[in-house]
>>> print(open('target-v5.tsv').read())   # TSV, C-alpha atoms
chain	number	residue	atom	x	y	z
Y	1	MET	CA	-24.78	15.42	-2.64
Y	2	THR	CA	-23.57	12.79	-0.16
Y	3	THR	CA	-22.27	14.56	2.92
Y	4	LYS	CA	-24.05	12.82	5.80
Y	5	THR	CA	-21.97	12.36	8.90
Y	6	ASP	CA	-22.58	8.63	9.10
Y	7	ILE	CA	-23.31	7.15	5.70
Y	8	LYS	CA	-25.39	3.99	5.72
Y	9	SER	CA	-24.66	1.29	3.19
Y	10	LYS	CA	-27.25	0.09	0.75
Y	11	ASN	CA	-27.37	-3.11	2.75
Y	12	ASN	CA	-28.95	-1.17	5.64
Y	13	THR	CA	-25.92	-1.44	7.88
Y	14	SER	CA	-23.82	1.22	9.52
Y	15	ARG	CA	-20.60	-0.43	8.32
Y	16	LEU	CA	-18.74	1.77	5.86
Y	17	LEU	CA	-18.57	-0.79	3.08
Y	18	TYR	CA	-16.87	1.64	0.71
Y	19	ILE	CA	-13.80	1.54	2.98
Y	20	ASP	CA	-13.79	-2.26	2.76
Y	21	ASN	CA	-14.08	-1.95	-1.02
Y	22	LEU	CA	-11.19	0.51	-1.08
Y	23	ARG	CA	-9.08	-2.04	0.79
Y	24	ILE	CA	-9.94	-4.59	-1.91
Y	25	LEU	CA	-8.84	-2.13	-4.59
Y	26	LEU	CA	-5.57	-1.34	-2.82
Y	27	THR	CA	-4.82	-5.04	-2.31
Y	28	ILE	CA	-5.35	-5.63	-6.03
Y	29	LEU	CA	-3.02	-2.73	-6.84
Y	30	VAL	CA	-0.32	-4.20	-4.57
Y	31	ILE	CA	-0.57	-7.52	-6.43
Y	32	LEU	CA	-0.45	-5.82	-9.83
Y	33	LEU	CA	2.46	-3.58	-8.87
Y	34	HIS	CA	4.62	-6.48	-7.71
Y	35	LEU	CA	3.65	-8.55	-10.74
Y	36	SER	CA	4.52	-5.66	-13.07
Y	37	ILE	CA	7.99	-5.36	-11.51
Y	38	GLY	CA	8.51	-9.02	-12.30
Y	39	TYR	CA	7.61	-8.27	-15.91
Y	40	GLY	CA	9.85	-5.31	-16.63
Y	41	ALA	CA	8.62	-2.37	-14.56
Y	42	PRO	CA	11.27	-0.60	-12.45
Y	43	GLY	CA	11.73	-1.93	-8.94
Y	44	ASP	CA	13.03	-4.82	-6.87
Y	45	TRP	CA	11.15	-8.11	-6.60
Y	46	TYR	CA	11.80	-11.79	-5.94
Y	47	TYR	CA	11.76	-12.71	-9.62
Y	48	ASN	CA	12.45	-10.43	-12.59
Y	49	GLU	CA	11.86	-12.15	-15.90
Y	50	GLU	CA	14.24	-11.40	-18.74
Y	51	GLY	CA	12.69	-10.31	-22.00
Y	52	GLN	CA	11.96	-7.52	-24.42
Y	53	ILE	CA	10.05	-4.38	-23.51
Y	54	GLY	CA	9.64	-1.44	-25.90
Y	55	THR	CA	10.15	2.23	-25.11
Y	56	VAL	CA	6.44	3.03	-25.02
Y	57	SER	CA	5.71	-0.02	-22.88
Y	58	SER	CA	8.55	0.95	-20.55
Y	59	ILE	CA	7.09	4.44	-20.09
Y	60	VAL	CA	3.61	3.02	-19.44
Y	61	MET	CA	4.92	0.49	-16.91
Y	62	THR	CA	7.01	3.17	-15.19
Y	63	LEU	CA	3.96	5.44	-14.99
Y	64	PHE	CA	1.91	2.57	-13.57
Y	65	VAL	CA	4.49	1.93	-10.83
Y	66	ALA	CA	5.00	5.63	-10.07
Y	67	LEU	CA	1.27	6.35	-9.93
Y	68	ASN	CA	0.63	3.48	-7.54
Y	69	GLN	CA	3.66	4.20	-5.40
Y	70	ALA	CA	2.52	7.81	-5.12
Y	71	PHE	CA	-0.59	6.93	-3.11
Y	72	PHE	CA	-1.52	3.33	-2.48
Y	73	MET	CA	0.58	2.47	0.56
Y	74	GLY	CA	-0.05	5.86	2.15
Y	75	PHE	CA	-3.76	5.29	1.53
Y	76	PHE	CA	-3.43	1.87	3.17
Y	77	PHE	CA	-1.93	3.50	6.27
Y	78	MET	CA	-4.71	6.07	6.39
Y	79	LEU	CA	-7.51	3.50	6.12
Y	80	SER	CA	-5.76	1.28	8.68
Y	81	SER	CA	-5.59	4.08	11.24
Y	82	TYR	CA	-9.11	5.39	10.59
Y	83	PHE	CA	-10.84	3.05	13.05
Y	84	SER	CA	-7.98	2.97	15.57
Y	85	PRO	CA	-9.31	5.77	17.83
Y	86	ASN	CA	-12.64	4.01	18.30
Y	87	SER	CA	-10.96	0.65	18.89
Y	88	LEU	CA	-8.50	2.16	21.37
Y	89	ASP	CA	-11.29	3.91	23.30
Y	90	ARG	CA	-13.40	0.74	23.48
Y	91	LYS	CA	-10.65	-1.75	24.35
Y	92	GLY	CA	-8.23	0.35	26.32
Y	93	SER	CA	-4.50	0.53	25.73
Y	94	ARG	CA	-3.58	-2.97	26.93
Y	95	LEU	CA	-6.24	-4.91	25.04
Y	96	PHE	CA	-5.83	-2.75	21.93
Y	97	LEU	CA	-2.08	-3.37	21.83
Y	98	THR	CA	-2.52	-7.08	22.51
Y	99	ASP	CA	-4.94	-7.30	19.60
Y	100	ARG	CA	-2.52	-5.40	17.32
Y	101	ILE	CA	0.35	-7.70	18.25
Y	102	LYS	CA	-1.81	-10.75	17.48
Y	103	ARG	CA	-3.23	-9.48	14.20
Y	104	LEU	CA	-0.04	-7.85	12.94
Y	105	GLY	CA	2.87	-9.52	14.71
Y	106	ILE	CA	1.89	-13.16	14.13
Y	107	PRO	CA	1.38	-12.82	10.33
Y	108	MET	CA	4.60	-10.81	10.07
Y	109	PHE	CA	6.68	-13.49	11.82
Y	110	PHE	CA	4.90	-16.27	9.93
Y	111	TYR	CA	5.88	-14.64	6.66
Y	112	ALA	CA	9.46	-13.89	7.71
Y	113	LEU	CA	10.21	-17.28	9.26
Y	114	ILE	CA	8.17	-19.64	7.06
Y	115	LEU	CA	6.81	-18.20	3.82
Y	116	ASN	CA	9.86	-16.17	2.84
Y	117	PRO	CA	12.41	-18.99	3.37
Y	118	LEU	CA	10.20	-21.39	1.40
Y	119	LEU	CA	9.88	-18.87	-1.41
Y	120	GLU	CA	13.64	-18.25	-1.43
Y	121	TYR	CA	14.18	-22.01	-1.62
Y	122	ALA	CA	11.79	-22.32	-4.58
Y	123	LEU	CA	13.77	-19.60	-6.36
Y	124	GLU	CA	17.04	-21.43	-5.65
Y	125	ILE	CA	15.55	-24.63	-7.10
Y	126	PHE	CA	14.45	-22.68	-10.19
Y	127	ASN	CA	18.00	-21.35	-10.56
Y	128	GLY	CA	19.52	-24.84	-10.42
Y	129	PHE	CA	20.08	-25.58	-6.74
Y	130	GLU	CA	19.81	-29.32	-6.12
Y	131	GLY	CA	20.14	-29.53	-2.35
Y	132	SER	CA	17.45	-29.97	0.27
Y	133	PHE	CA	15.61	-27.19	2.02
Y	134	TRP	CA	17.69	-27.77	5.13
Y	135	GLN	CA	20.90	-27.55	3.13
Y	136	ALA	CA	19.73	-24.25	1.69
Y	137	LEU	CA	19.01	-22.98	5.19
Y	138	GLN	CA	22.45	-24.00	6.40
Y	139	GLU	CA	24.15	-22.25	3.51
Y	140	GLY	CA	22.23	-18.99	3.75
Y	141	TYR	CA	19.54	-19.12	6.41
Y	142	PHE	CA	19.69	-15.51	7.47
Y	143	ARG	CA	19.43	-14.36	3.89
Y	144	SER	CA	16.23	-16.41	3.71
Y	145	ILE	CA	14.59	-14.57	6.60
Y	146	GLY	CA	12.92	-11.49	5.14
Y	147	LEU	CA	9.83	-9.41	5.70
Y	148	GLY	CA	9.03	-8.87	2.03
Y	149	PRO	CA	5.71	-7.02	1.67
Y	150	THR	CA	4.98	-7.47	5.39
Y	151	TRP	CA	7.19	-4.46	6.12
Y	152	PHE	CA	3.83	-2.68	5.95
Y	153	VAL	CA	2.43	-4.83	8.75
Y	154	GLU	CA	5.58	-4.19	10.78
Y	155	ALA	CA	5.21	-0.42	10.28
Y	156	LEU	CA	1.55	-0.58	11.30
Y	157	LEU	CA	2.52	-2.34	14.51
Y	158	LEU	CA	5.16	0.30	15.24
Y	159	PHE	CA	2.67	3.10	14.56
Y	160	ALA	CA	0.08	1.40	16.79
Y	161	ILE	CA	2.59	1.28	19.66
Y	162	LEU	CA	3.34	4.98	19.21
Y	163	HIS	CA	-0.41	5.70	19.06
Y	164	VAL	CA	-0.91	3.91	22.38
Y	165	LEU	CA	1.96	5.83	23.97
Y	166	PHE	CA	0.43	9.11	22.83
Y	167	HIS	CA	-2.94	7.96	24.13
Y	168	CYS	CA	-1.39	7.26	27.54
Y	169	ILE	CA	0.15	10.72	27.61
Y	170	LYS	CA	-3.08	12.38	26.48
Y	171	PRO	CA	-5.91	9.92	27.26
Y	172	SER	CA	-8.81	12.37	26.98
Y	173	MET	CA	-9.36	12.86	23.25
Y	174	PRO	CA	-12.31	14.85	21.92
Y	175	GLY	CA	-15.29	12.97	20.55
Y	176	ARG	CA	-16.32	13.03	16.92
Y	177	THR	CA	-16.95	16.60	15.87
Y	178	GLU	CA	-19.30	18.30	13.46
Y	179	GLY	CA	-18.12	20.78	10.86
Y	180	ARG	CA	-16.55	20.86	7.44
Y	181	ALA	CA	-13.75	18.74	6.09
Y	182	PRO	CA	-10.56	20.54	5.04
Y	183	ASP	CA	-11.12	22.50	1.84
Y	184	ASN	CA	-8.88	22.49	-1.21
Y	185	TRP	CA	-7.03	25.58	0.02
Y	186	ALA	CA	-5.88	23.54	3.01
Y	187	MET	CA	-5.14	20.37	1.04
Y	188	VAL	CA	-2.85	22.01	-1.53
Y	189	PRO	CA	-0.44	23.52	1.05
Y	190	PHE	CA	-0.47	20.19	2.90
Y	191	ALA	CA	0.57	18.35	-0.28
Y	192	ILE	CA	3.23	20.94	-1.13
Y	193	GLY	CA	4.63	20.88	2.41
Y	194	LEU	CA	4.71	17.09	2.40
Y	195	GLY	CA	6.46	17.18	-0.97
Y	196	LEU	CA	9.16	19.49	0.40
Y	197	ILE	CA	9.70	17.29	3.45
Y	198	THR	CA	9.94	14.25	1.18
Y	199	PHE	CA	12.51	16.02	-0.99
Y	200	VAL	CA	14.63	16.90	2.05
Y	201	VAL	CA	14.50	13.34	3.38
Y	202	ARG	CA	15.56	11.99	-0.01
Y	203	ILE	CA	18.66	14.17	-0.10
Y	204	TRP	CA	20.20	11.67	2.31
Y	205	LEU	CA	17.83	8.69	2.02
Y	206	PRO	CA	17.01	8.23	-1.68
Y	207	VAL	CA	14.33	5.98	-3.12
Y	208	GLY	CA	15.64	2.43	-3.12
Y	209	TRP	CA	17.62	2.77	0.12
Y	210	TRP	CA	16.29	0.30	2.69
Y	211	LEU	CA	16.72	0.45	6.45
Y	212	GLU	CA	17.58	-3.11	7.40
Y	213	PRO	CA	16.64	-5.31	9.16
Y	214	LEU	CA	13.36	-3.36	9.47
Y	215	HIS	CA	13.11	-3.36	5.66
Y	216	PHE	CA	11.77	0.20	5.61
Y	217	GLN	CA	12.25	2.40	2.55
Y	218	LEU	CA	12.45	5.67	4.45
Y	219	ALA	CA	12.15	7.83	1.33
Y	220	HIS	CA	8.39	7.17	1.43
Y	221	PHE	CA	7.85	7.38	5.18
Y	222	PRO	CA	7.03	11.11	5.40
Y	223	GLN	CA	3.85	10.29	3.48
Y	224	TYR	CA	3.13	7.13	5.46
Y	225	ILE	CA	3.46	8.90	8.80
Y	226	ALA	CA	1.43	11.90	7.66
Y	227	LEU	CA	-1.45	9.80	6.27
Y	228	TYR	CA	-1.53	7.55	9.32
Y	229	ILE	CA	-2.06	10.67	11.44
Y	230	ILE	CA	-4.59	12.03	8.94
Y	231	GLY	CA	-6.55	8.77	9.26
Y	232	ILE	CA	-6.87	9.30	13.02
Y	233	LEU	CA	-7.90	12.93	12.58
Y	234	ALA	CA	-10.32	11.95	9.82
Y	235	TYR	CA	-12.12	9.62	12.22
Y	236	GLN	CA	-12.22	12.19	15.02
Y	237	ASN	CA	-13.71	14.79	12.66
Y	238	ASN	CA	-15.60	12.47	10.28
Y	239	TRP	CA	-13.82	13.97	7.30
Y	240	PHE	CA	-14.54	11.05	4.97
Y	241	GLY	CA	-18.27	11.69	5.21
Y	242	LYS	CA	-17.89	15.45	4.80
Y	243	LEU	CA	-15.84	15.57	1.61
Y	244	THR	CA	-18.05	17.13	-1.06
Y	245	ASP	CA	-18.77	15.83	-4.52
Y	246	ARG	CA	-17.31	19.03	-5.91
Y	247	GLN	CA	-14.00	18.29	-4.20
Y	248	GLY	CA	-14.04	14.84	-5.74
Y	249	ARG	CA	-14.53	16.28	-9.23
Y	250	THR	CA	-11.87	18.95	-8.73
Y	251	TRP	CA	-9.23	16.48	-7.60
Y	252	LEU	CA	-10.17	14.08	-10.38
Y	253	TRP	CA	-9.18	16.77	-12.89
Y	254	ILE	CA	-6.01	17.43	-10.94
Y	255	THR	CA	-5.23	13.71	-11.06
Y	256	ALA	CA	-5.63	13.69	-14.84
Y	257	GLY	CA	-3.37	16.73	-15.17
Y	258	LEU	CA	-0.68	15.17	-12.99
Y	259	ILE	CA	-0.75	11.96	-15.04
Y	260	ILE	CA	-0.13	14.01	-18.18
Y	261	LEU	CA	2.63	15.95	-16.40
Y	262	PHE	CA	4.53	12.83	-15.31
Y	263	PRO	CA	6.12	11.91	-18.68
Y	264	VAL	CA	6.92	15.59	-19.28
Y	265	ILE	CA	8.93	15.74	-16.04
Y	266	PHE	CA	10.74	12.49	-16.73
Y	267	VAL	CA	11.58	13.27	-20.34
Y	268	ALA	CA	12.82	16.76	-19.40
Y	269	GLY	CA	14.90	15.22	-16.63
Y	270	GLY	CA	16.70	12.83	-18.97
Y	271	ALA	CA	14.92	9.61	-18.06
Y	272	LEU	CA	14.86	8.38	-21.67
Y	273	GLN	CA	18.65	8.57	-21.68
Y	274	GLY	CA	18.76	6.40	-18.57
Y	275	ASN	CA	19.46	9.33	-16.26
Y	276	LEU	CA	17.19	8.16	-13.41
Y	277	ASP	CA	19.42	8.75	-10.39
Y	278	PRO	CA	18.58	12.48	-10.05
Y	279	PHE	CA	14.90	11.56	-9.62
Y	280	ILE	CA	15.38	9.28	-6.63
Y	281	GLY	CA	17.15	11.75	-4.34
Y	282	GLY	CA	19.89	14.28	-3.75
Y	283	TRP	CA	20.14	18.00	-4.51
Y	284	HIS	CA	18.53	17.73	-7.95
Y	285	TRP	CA	15.58	19.57	-9.45
Y	286	GLN	CA	14.36	16.21	-10.73
Y	287	SER	CA	14.08	14.88	-7.17
Y	288	LEU	CA	12.24	18.02	-6.07
Y	289	ALA	CA	9.86	17.81	-9.03
Y	290	TYR	CA	9.22	14.11	-8.47
Y	291	SER	CA	8.66	14.55	-4.73
Y	292	MET	CA	6.18	17.37	-5.32
Y	293	TRP	CA	4.42	15.43	-8.08
Y	294	GLU	CA	4.19	12.34	-5.88
Y	295	GLU	CA	2.58	14.04	-2.89
Y	296	LEU	CA	0.18	16.12	-4.98
Y	297	MET	CA	-0.80	12.92	-6.79
Y	298	CYS	CA	-1.30	11.19	-3.43
Y	299	VAL	CA	-3.73	13.83	-2.18
Y	300	ALA	CA	-5.52	13.99	-5.53
Y	301	VAL	CA	-6.08	10.24	-5.89
Y	302	VAL	CA	-7.00	9.69	-2.24
Y	303	ILE	CA	-9.70	12.38	-2.29
Y	304	THR	CA	-10.99	11.28	-5.69
Y	305	LEU	CA	-11.29	7.63	-4.63
Y	306	LEU	CA	-12.81	8.43	-1.24
Y	307	VAL	CA	-15.60	10.50	-2.78
Y	308	TRP	CA	-16.14	8.14	-5.72
Y	309	TYR	CA	-16.29	4.95	-3.61
Y	310	ARG	CA	-18.40	6.62	-0.91
Y	311	ASN	CA	-20.99	7.66	-3.48
Y	312	ARG	CA	-20.96	4.63	-5.77
Y	313	PHE	CA	-19.52	1.62	-3.99
Y	314	ASN	CA	-20.92	1.66	-0.47
Y	315	ASN	CA	-22.44	-1.79	-1.01
Y	316	GLN	CA	-21.29	-5.38	-1.39
Y	317	GLY	CA	-22.55	-8.59	-2.92
Y	318	LYS	CA	-21.37	-12.07	-2.02
Y	319	LEU	CA	-18.15	-11.73	-4.01
Y	320	GLY	CA	-17.37	-8.36	-2.46
Y	321	LYS	CA	-17.92	-9.71	1.05
Y	322	ALA	CA	-15.70	-12.70	0.36
Y	323	MET	CA	-12.93	-10.53	-1.11
Y	324	SER	CA	-13.22	-8.06	1.76
Y	325	SER	CA	-12.84	-10.76	4.39
Y	326	ALA	CA	-9.90	-12.25	2.47
Y	327	ALA	CA	-8.08	-8.98	1.70
Y	328	TYR	CA	-5.68	-9.03	4.64
Y	329	GLY	CA	-4.82	-12.69	4.19
Y	330	THR	CA	-4.38	-12.07	0.47
Y	331	TYR	CA	-1.89	-9.32	1.19
Y	332	ILE	CA	0.12	-11.67	3.42
Y	333	VAL	CA	0.27	-14.58	0.93
Y	334	HIS	CA	0.30	-12.80	-2.44
Y	335	ALA	CA	4.09	-12.62	-2.85
Y	336	PRO	CA	4.73	-16.40	-3.02
Y	337	ILE	CA	1.57	-16.90	-5.06
Y	338	ILE	CA	2.42	-14.49	-7.87
Y	339	THR	CA	6.12	-15.38	-7.81
Y	340	LEU	CA	5.43	-19.11	-8.18
Y	341	LEU	CA	2.89	-18.31	-10.90
Y	342	ALA	CA	5.50	-16.29	-12.79
Y	343	LEU	CA	8.05	-19.10	-12.42
Y	344	THR	CA	5.51	-21.62	-13.72
Y	345	LEU	CA	4.82	-19.47	-16.80
Y	346	SER	CA	8.45	-18.48	-17.38
Y	347	GLY	CA	8.79	-20.93	-20.27
Y	348	ILE	CA	6.20	-18.99	-22.30
Y	349	LYS	CA	8.15	-16.36	-24.22
Y	350	MET	CA	6.37	-13.19	-25.35
Y	351	ASP	CA	6.48	-9.43	-24.96
Y	352	LEU	CA	6.66	-8.78	-21.22
Y	353	THR	CA	3.99	-6.09	-21.21
Y	354	LEU	CA	1.56	-8.38	-23.02
Y	355	LYS	CA	2.45	-11.19	-20.63
Y	356	PHE	CA	1.73	-8.93	-17.66
Y	357	VAL	CA	-1.69	-8.04	-19.07
Y	358	LEU	CA	-2.55	-11.71	-19.62
Y	359	VAL	CA	-1.22	-13.00	-16.30
Y	360	ALA	CA	-2.57	-10.15	-14.13
Y	361	PRO	CA	-6.22	-11.37	-13.85
Y	362	VAL	CA	-5.05	-14.88	-13.00
Y	363	ALA	CA	-2.62	-13.56	-10.38
Y	364	VAL	CA	-5.30	-11.44	-8.70
Y	365	ALA	CA	-7.93	-14.19	-8.74
Y	366	PHE	CA	-5.58	-16.88	-7.48
Y	367	SER	CA	-4.14	-14.65	-4.74
Y	368	PHE	CA	-7.61	-13.83	-3.40
Y	369	LEU	CA	-8.66	-17.47	-3.64
Y	370	VAL	CA	-5.69	-18.58	-1.54
Y	371	GLY	CA	-6.25	-15.67	0.86
Y	372	TYR	CA	-9.89	-16.70	1.24
Y	373	LEU	CA	-8.98	-20.35	1.89
Y	374	VAL	CA	-6.33	-19.34	4.43
Y	375	LYS	CA	-8.89	-17.14	6.19
Y	376	LYS	CA	-11.12	-20.20	6.60
Y	377	LEU	CA	-8.48	-22.08	8.61
Y	378	PRO	CA	-9.41	-22.20	12.33
Y	379	VAL	CA	-6.19	-20.63	13.56
Y	380	ALA	CA	-6.01	-17.98	10.84
Y	381	ARG	CA	-9.68	-17.03	11.31
Y	382	ALA	CA	-8.92	-15.61	14.74
Y	383	ILE	CA	-5.91	-13.63	13.47
Y	384	LEU	CA	-6.74	-12.46	9.95
>>> encode(input="target-v5.tsv", output="C-alpha cells")
Amino acid sequence: MTTKTDIKSKNNTSRLLYIDNLRILLTILVILLHLSIGYGAPGDWYYNEEGQIGTVSSIVMTLFVALNQAFFMGFFFMLSSYFSPNSLDRKGSRLFLTDRIKRLGIPMFFYALILNPLLEYALEIFNGFEGSFWQALQEGYFRSIGLGPTWFVEALLLFAILHVLFHCIKPSMPGRTEGRAPDNWAMVPFAIGLGLITFVVRIWLPVGWWLEPLHFQLAHFPQYIALYIIGILAYQNNWFGKLTDRQGRTWLWITAGLIILFPVIFVAGGALQGNLDPFIGGWHWQSLAYSMWEELMCVAVVITLLVWYRNRFNNQGKLGKAMSSAAYGTYIVHAPIITLLALTLSGIKMDLTLKFVLVAPVAVAFSFLVGYLVKKLPVARAIL
C-alpha cells in the first residue's frame, strides 16, 4: 500500500509527477466540457451549434457536464494551492505575490484584451459581419473584452493575495506534520456541510448567475474556496501521500453510486419535462438534492483520482512531460482553438453527440499542440 510521506516518481525524482498528470487530465476535461456545450450540452459558450440531439444523448451530455462541474474546477483550485505554502515560505510575501501577478495576471489580461476580442470578431465574421476589426471594436469594444475561461486565473490571483495577507497576519505556520489523513468519517460530514452551504448560497445566487465584471459564477465558489484551503492544509499535513488504497476503493464505489443516482434525481425532479430551474437554486428540494450530490461527488472523485494517479501514474514519458509543461498555456488558449475548430467544421451536418465524439480528440490534440508552441516562445516561457 502506497502511503509514504514523500512518494518518489519512477523517474527517480522527488517531483510528484502524478499531480502534473492530474493537471493534464483536468485540462483535457476543461476542453471537452466546453466543446460539449458547443455541441448540445447545457451551458453557455462562445458558439453553440444548432442540430439534433436525442433524449438519451441529452441525458448523457448533461451527466457529462454535471459530473465534470461537480469536481474539476474545485480540484484545479486544490492542486494549484497545494504547493503555495512552500513557495510562500521560500520566496517571502513580496516575491511570491510578484510571481503570482506575473504568472496569473499577464495571461489573464492577454486573454481579455487580445484573444477574446479577436475571437469575438471571428464569431461576428461567421455571423455575417463585413466590417474591419477596428469597426467591430468601435461598435462594441467593451462587449469584446471578456475573461472567458481565465476567470479561474483571476480567482487564483485573488486567492493568492488573500493567502499572502493571512500569511502576514500569521507568519509562523507549522512545518509538515506526520500522522494520518482525514478518514471517511471526517470526509462525509465535510461534503454534507459543503453541500448545505452551497444550497444556501444558491437560494440567492443560482447556477448561471455571473458576478460581472469579475465573471465569477458564485454558485460554485463555496467549493472553490473550500478546496483551495484544503490544498494548503493537504501540503502542511502531507495528506495526499497518506490517503490509503482502501479509501480510494471506497470512494470509487461511492462515485459509481452517485453517477447512477444522478438521473434518478433529475427524472424525479421533472428534468425530462424541461423543469430545470428548481435544480439551479432557490428554496427547492431539487436544488438541495443537486447541491448535496455535487459536493459528495466532488469529494468522491477527488479522493479516487488522487489515490489512483498516485499509485499508477507517478511517472512520465516524453509526451507526458511535453503535455505537462504545456498544460497551463493550453488552458489559456483552448477557447479560441476549439471555437474556431467548431466554426470550421460547422458545415458538416450530423448528430451533435456523434460530432462531439469525433471532434473531441482533434480538439484536445490541437489545443495542446498550440499550448506547447506558445510555451516555446521566449516571452511566454518566462510566464507560463
>>> closest_residue(input="target-v5.tsv", among="Y:Leu33, Y:Ile24, Y:Leu276, Y:Leu252", to="Y:Ala363", atoms="only C-alpha atoms")
Y:Leu33
>>> atom_distance(input="target-v5.tsv", atom1="atom CA of Y:Leu373", atom2="atom CA of Y:Ala327")
11.4 Å
>>> residues_around(input="target-v5.tsv", residues="Y:Leu156", least_positions_apart="4", cutoff="12 Å", atoms="all atoms listed in the file", output="ChimeraX atom specification")
/Y:73-74,76-81,84,97,100-101,103-105,108,150-152,160-163,216,221,224-225,227-229
>>> closest_residue(input="target-v5.tsv", among="Y:Thr255, Y:Thr55, Y:Thr98, Y:Thr353", to="Y:Leu305", atoms="all atoms listed in the file")
Y:Thr255
>>> atom_distance(input="target-v5.tsv", atom1="atom CA of Y:Asn21", atom2="atom CA of Y:Phe240")
14.3 Å
>>> atom_distance(input="target-v5.tsv", atom1="atom CA of Y:Ala256", atom2="atom CA of Y:Leu306")
16.3 Å
>>> residues_around(input="target-v5.tsv", residues="Y:Ile383", least_positions_apart="6", cutoff="8 Å", atoms="only C-alpha atoms", output="JSON, numbers by chain")
{"Y": [102, 103, 106, 107]}
>>> write_last_selection(input="target-v5.tsv", atoms="C-alpha atoms", output="mmCIF file, in the coordinates of the input")
data_model
loop_
_atom_site.group_PDB
_atom_site.id
_atom_site.type_symbol
_atom_site.label_atom_id
_atom_site.label_comp_id
_atom_site.auth_asym_id
_atom_site.auth_seq_id
_atom_site.Cartn_x
_atom_site.Cartn_y
_atom_site.Cartn_z
ATOM 1 C CA LYS Y 102 -1.810 -10.750 17.480
ATOM 2 C CA ARG Y 103 -3.230 -9.480 14.200
ATOM 3 C CA ILE Y 106 1.890 -13.160 14.130
ATOM 4 C CA PRO Y 107 1.380 -12.820 10.330
#
>>> decode(input="target-v5.tsv", residues="stretch 292-297 of chain Y", atoms="all heavy atoms", output="CSV table (one decimal), in the first residue's frame")
chain,number,residue,atom,x,y,z
Y,292,MET,N,-26.2,18.7,-2.7
Y,292,MET,CA,-25.6,17.6,-1.9
Y,292,MET,C,-24.9,16.6,-2.8
Y,292,MET,O,-23.8,16.1,-2.5
Y,292,MET,CB,-26.7,16.9,-1.1
Y,292,MET,CG,-27.4,17.8,-0.1
Y,292,MET,SD,-26.3,18.5,1.2
Y,292,MET,CE,-25.9,17.0,2.1
Y,293,TRP,N,-25.6,16.3,-3.9
Y,293,TRP,CA,-25.0,15.3,-4.9
Y,293,TRP,C,-23.7,15.8,-5.4
Y,293,TRP,O,-22.7,15.1,-5.5
Y,293,TRP,CB,-25.9,15.1,-6.0
Y,293,TRP,CG,-25.4,14.2,-7.1
Y,293,TRP,CD1,-25.5,12.8,-7.2
Y,293,TRP,CD2,-24.6,14.6,-8.3
Y,293,TRP,NE1,-24.9,12.3,-8.3
Y,293,TRP,CE2,-24.3,13.4,-9.0
Y,293,TRP,CE3,-24.2,15.8,-8.8
Y,293,TRP,CZ2,-23.6,13.4,-10.2
Y,293,TRP,CZ3,-23.5,15.8,-9.9
Y,293,TRP,CH2,-23.2,14.6,-10.6
Y,294,GLU,N,-23.6,17.1,-5.8
Y,294,GLU,CA,-22.5,17.7,-6.4
Y,294,GLU,C,-21.3,17.7,-5.4
Y,294,GLU,O,-20.1,17.3,-5.8
Y,294,GLU,CB,-22.8,19.2,-6.7
Y,294,GLU,CG,-21.8,19.8,-7.7
Y,294,GLU,CD,-22.3,21.2,-8.2
Y,294,GLU,OE1,-22.5,22.1,-7.3
Y,294,GLU,OE2,-22.4,21.3,-9.4
Y,295,GLU,N,-21.4,18.0,-4.2
Y,295,GLU,CA,-20.3,18.1,-3.2
Y,295,GLU,C,-19.9,16.7,-2.8
Y,295,GLU,O,-18.7,16.5,-2.6
Y,295,GLU,CB,-20.6,19.0,-2.0
Y,295,GLU,CG,-21.1,20.4,-2.4
Y,295,GLU,CD,-20.1,21.1,-3.3
Y,295,GLU,OE1,-19.0,20.7,-3.4
Y,295,GLU,OE2,-20.6,22.1,-3.9
Y,296,LEU,N,-20.8,15.8,-2.7
Y,296,LEU,CA,-20.4,14.4,-2.4
Y,296,LEU,C,-19.6,13.8,-3.6
Y,296,LEU,O,-18.6,13.1,-3.4
Y,296,LEU,CB,-21.6,13.5,-2.1
Y,296,LEU,CG,-22.2,13.7,-0.7
Y,296,LEU,CD1,-23.6,13.0,-0.6
Y,296,LEU,CD2,-21.3,13.0,0.4
Y,297,MET,N,-20.1,14.1,-4.8
Y,297,MET,CA,-19.4,13.7,-6.0
Y,297,MET,C,-18.0,14.3,-6.0
Y,297,MET,O,-17.0,13.6,-6.4
Y,297,MET,CB,-20.2,14.0,-7.2
Y,297,MET,CG,-19.5,13.6,-8.5
Y,297,MET,SD,-19.2,11.9,-8.7
Y,297,MET,CE,-20.9,11.4,-9.2
